[in-house]
Structures are given as structure tokens and as C-alpha cells.
Amino acid sequence: LFEILVARQMRRQRRSLLPTSKATMSTTQAVTAKKPVGFIGLGIMGAGMAGVLLRTGRPLIVWNRSVEKSSMLASEYPGLVTVADTPKAVVQSCDITVSMLSTPAAAEAVFSAETGTLAGISEGKILVDCATLQEEDMVGMAAAVTAKGGRFLEAPVSGTKGPAATGTLIFMVSGDESAYEEASFAFDAMGKATHYLGAEVGAATRMKLCVNAVMGTFMAGLAEGVHLAEKLDLEKSKLVEILGQGAMGCVLVNVKGPKIAQEERDHAPNFPLKHAQKDVSFAIAAGKAKGASPMGTFEATNEEMLRAMDMGHGDEDMSAVMESLYSK
């Protein structure tokens with residue numbers, strides 16, 4: 001039944017894109033020739049990433065734990081989105097499937113379920129997992145995919161909701177090189193830069209944990225600096241302005257800074273605090289496992305994040321780490 005629905009959707013897509021003049025013929029033919037890509041997970045990040053692919057004319061077959069998000073995407077891009085009943089059906093219907101799930105528990109549940117992602121893998125299928133997990137999780141998934149004849153790429157990203165929606169993420173990729181070459185069109189569409197770190201699964205995850213540990217610590221430091229300015233009777237927004245004009249001027253300062261410097265602090269989630277804390281804690285664990293020197297700055301950041309989460313700010317943006325300063 002699902003295969004029938006996919007075929008019907010593709011016929012609708014072809015009809016909806018029929019050229020009205022010779023001038024549009026070549027563009028339309030290029031769009032209709034594109035094979036569908038599978039996309040699993042339409043949360044804060046996944047919805048934006050899927051939208052970017054769709055805006056290139058790439059048809060998608062999608063699945064999300066809450067079907068409402070899939071239906072919304074299908075309504076927004078009529079003729080280009082097919083909603084699947086299961087992750088297995090997505091993988092079976094596509095050569096390449098991208099998965100973007102928010103937590104290790106969600107990633108494991110969707111991957112290993114009876115009708116999950118792994119169940120759809122067969123010879124030659126490519127699975128691109130963009131979640132930020134622990135290295136051993138990625139290695140285990142890669143082994144399971146490979147055992148069924150599939151090919152696996154781990155491809156965590158640097159960037160939040162905004163870059164996901166505008167196709168300006170930074171991808172860190174490792175795994176099967178032939179799969180990387182075949183999936184490069186997707187990375188090119190969804191990101192402004194892609195770094196292939198080799199065939200060893202785990203390398204991209206290790207790099208991502210380093211990146212997010214630094215980012216989380218930077219966010220905590222910015223929050224403390226703004227809080228300090230307040231206590232020293234200084235204008236908080238002026239501190240942010242000065243930081244933005246100097247060596248520390250960056251997206252984090254220029255975007256997050258004004259939101260936390262205003263009287264009614266704005267922590268609308270782009271990258272939820274609970275996910276940032278998860279990544280910092282994973283980085284600390286990975287470092288300890290490899291005998292890294294004591295990571296006092298990362299440890300302190302993790303404690304600040306946990307304190308803010310205990311105050312009920314886990315679902316807010318990572319900038320809500322600042323709220324821990326008001327609990328003391």
C-alpha cells in the first residue's frame with residue numbers, strides 16, 4: 001500500500017510541475033528527475049533541514065513521531081512530500097535516508113524498533129544520522145547497518161534552528177566514503193560547509209562534542225559576563241555591543257547577547273538547554289575515557305546548566321543557563 005501511495009504522489013508531482021513553456025522545460029525535467037530522499041525526524045532542526053531540501057525541488061518521504069509535523073510539511077510543500085507510516089517504510093522507499101532525532105533515547109528507539117530504521121535497511125541503502133550521540137552509539141548503529149549490506153554516515157551538525165532553516169549548517173561527517181560522495185548533494189544543500197573526517201565512524205561525533213563543549217562554555221561565560229555587568233551597575237546592552245566589536249564578536253554574542261541583556265530575558269529555544277547540557281556531559285565523559293586533563297571549565301559549565309535545568313529551564317534555549325545565576 002505504501003509503495004502505491006509513493007507512486008501516486010510522484011505522479012502528482014510530475015503533473016504539478018509540467019512546464020508551461022519551452023523556457024521552463026529544462027528546469028522542470030531536472031526537478032522531476034530527482035530521486036526522493038528519506039527524512040526521519042522533523043523537530044527543531046529536522047523541519048528546517050527538510051525544508052531546505054524541498055526548496056531545491058527534492059521530493060521527500062518523511063516520518064516523524066508526531067504525524068502532525070509531517071502533515072504540516074506536506075501541506076507546505078504540496079506534491080513534494082509523502083508521509084510514511086513507519087521509519088522502515090521511509091528507508092525501503094529511498095536510496096538515501098537522513099535521520100535527525102533529538103536524544104539518544106529517541107535515536108535508539110526509532111533505529112531499533114520492529115518497524116524502525118534498521119528494519120528497512122537492505123543492500124546499498126545509505127543512512128545518514130545527524131544526531132549528536134556518544135561515539136559508541138554511532139559505532140553500534142554503523143555495524144548494524146553494515147551487517148545488512150547498507151552504508152552508514154554519521155553527520156552531526158554545528159548550528160541551531162536558524163542555520164538549519166537557511167541551509168547554513170556545518171556538517172562533520174565520517175563513515176563510508178562512497179556513501180559520502182553519493183549524499184554530498186544533500187550536505188551541499190543543507191550546509192555552508194562540510195568536513196569529511198574519514199572512514200572511521202566515531203570521528204565526527206568526537207569532533208562535534210569538542211565543538212559543542214566550547215560553545216556551551218562560551219554561552220555560560222557570556223551569561224556570567226552580562227550578569228556581572230548588571231551587578232556592577234553597568235548597561236548590559238553596552239557590554240554586548242563592546243564584545244561584538246572586538247575579538248569576541250561572533251554570532252553567539254551578536255544573537256544571544258541582546259536577548260539575555262534585555263530586562264525580560266528571551267530564551268525562546270533555538271538549541272534547547274537540555275540538549276546543550278547533554279553534549280557537554282558527553283564531551284566530559286569522552287575526555288575522561290581518553291585520559292584528558294581535568295576539564296574544570298567544562299565541568300563548571302555542566303553544573304551551571306544542570307542547575308538551570310533543575311529550575312525548569314531545560315526546554316528553553318541554551319542561553320537559559322543564565323537563570324542559574326539567579327538561584328544563588
# chains A, B, ... in the order shown; residues from 1 in each chain; ligands from 1

$ select_by_dssp --residues "region 92-296 of chain A" --states "alpha helix (DSSP H)" --output "ChimeraX atom specification"
/A:92-93,104-112,135-147,161-166,177-190,203-231,236-245,251,257-261,273-289,296

$ residues_around --residues "region 73-76 of chain A" --least-positions-apart "2" --cutoff "12 Å" --atoms "only C-alpha atoms" --output "number ranges by chain"
A: 9, 39, 41-43, 46-55, 59-64, 67-71, 78-84

$ select_by_dssp --residues "region 80-327 of chain A" --states "strand (DSSP E)" --output "number ranges by chain"
A: 81-83, 96-99, 126-129, 151-154, 157-158, 169-175, 191-196

$ write_last_selection --atoms "C-alpha atoms" --output "tab-separated table (two decimals), in the first residue's frame"
chain	number	residue	atom	x	y	z
A	81	VAL	CA	6.21	15.30	0.46
A	82	THR	CA	4.98	11.76	1.06
A	83	VAL	CA	4.19	10.87	4.67
A	96	ILE	CA	19.39	7.75	0.96
A	97	THR	CA	17.71	8.47	4.29
A	98	VAL	CA	18.62	11.30	6.66
A	99	SER	CA	17.78	10.91	10.34
A	126	ILE	CA	22.56	4.76	2.80
A	127	LEU	CA	21.67	6.00	6.29
A	128	VAL	CA	22.90	9.47	7.32
A	129	ASP	CA	22.49	10.04	11.05
A	151	ARG	CA	26.20	2.04	4.23
A	152	PHE	CA	26.39	4.42	7.18
A	153	LEU	CA	27.41	8.02	7.69
A	154	GLU	CA	27.48	9.90	10.96
A	157	VAL	CA	25.97	19.44	12.64
A	158	SER	CA	27.12	22.71	14.13
A	169	LEU	CA	24.77	24.37	8.91
A	170	ILE	CA	28.29	22.98	9.25
A	171	PHE	CA	28.44	19.21	8.78
A	172	MET	CA	31.05	16.95	10.34
A	173	VAL	CA	30.93	13.63	8.51
A	174	SER	CA	32.64	10.28	8.84
A	175	GLY	CA	31.88	6.82	7.53
A	191	GLY	CA	25.05	23.33	4.88
A	192	LYS	CA	27.54	26.09	4.17
A	193	ALA	CA	30.47	23.76	4.89
A	194	THR	CA	31.05	20.01	5.10
A	195	HIS	CA	34.10	18.41	6.70
A	196	TYR	CA	34.70	14.77	5.83

$ atom_distance --atom1 "CA of Gln92 (chain A)" --atom2 "CA of Leu118 (chain A)"
10.0 Å

$ residues_around --residues "region 288-291 of chain A" --least-positions-apart "6" --cutoff "12 Å" --atoms "only C-alpha atoms" --output "list in words"
Gln134, Glu135, Glu136, Arg206, Ser281, Phe282, Phe298 and Glu299 of chain A

$ write_last_selection --atoms "C-alpha atoms" --output "tab-separated table (two decimals), in the first residue's frame"
chain	number	residue	atom	x	y	z
A	134	GLN	CA	28.03	9.13	22.14
A	135	GLU	CA	30.69	7.56	19.98
A	136	GLU	CA	29.77	4.01	20.92
A	206	ARG	CA	34.18	13.28	18.74
A	281	SER	CA	28.35	15.96	29.56
A	282	PHE	CA	29.14	13.60	26.66
A	298	PHE	CA	33.57	22.23	31.01
A	299	GLU	CA	32.68	20.73	34.38

$ closest_atom_pairs --of "region 294-322 of chain A" --to "region 208-232 of chain A" --cutoff "7 Å" --atoms "only C-alpha atoms" --output "CSV"
residue,atom,partner,partner_atom,distance
A:Phe298,CA,A:Thr217,CA,6.3
A:Thr301,CA,A:Thr217,CA,5.6
A:Ser319,CA,A:Met219,CA,6.5
A:Val321,CA,A:Ala220,CA,6.3
A:Met322,CA,A:Ala223,CA,5.1

$ atom_distance --atom1 "CA of Tyr180 (chain A)" --atom2 "CA of Leu197 (chain A)"
10.6 Å

$ residues_around --residues "Pro269 (chain A)" --least-positions-apart "3" --cutoff "8 Å" --atoms "only C-alpha atoms" --output "list in words"
Pro272, Asp315, Glu316, Asp317 and Met318 of chain A

$ atom_distance --atom1 "CA of Phe187 (chain A)" --atom2 "CA of Val145 (chain A)"
20.5 Å
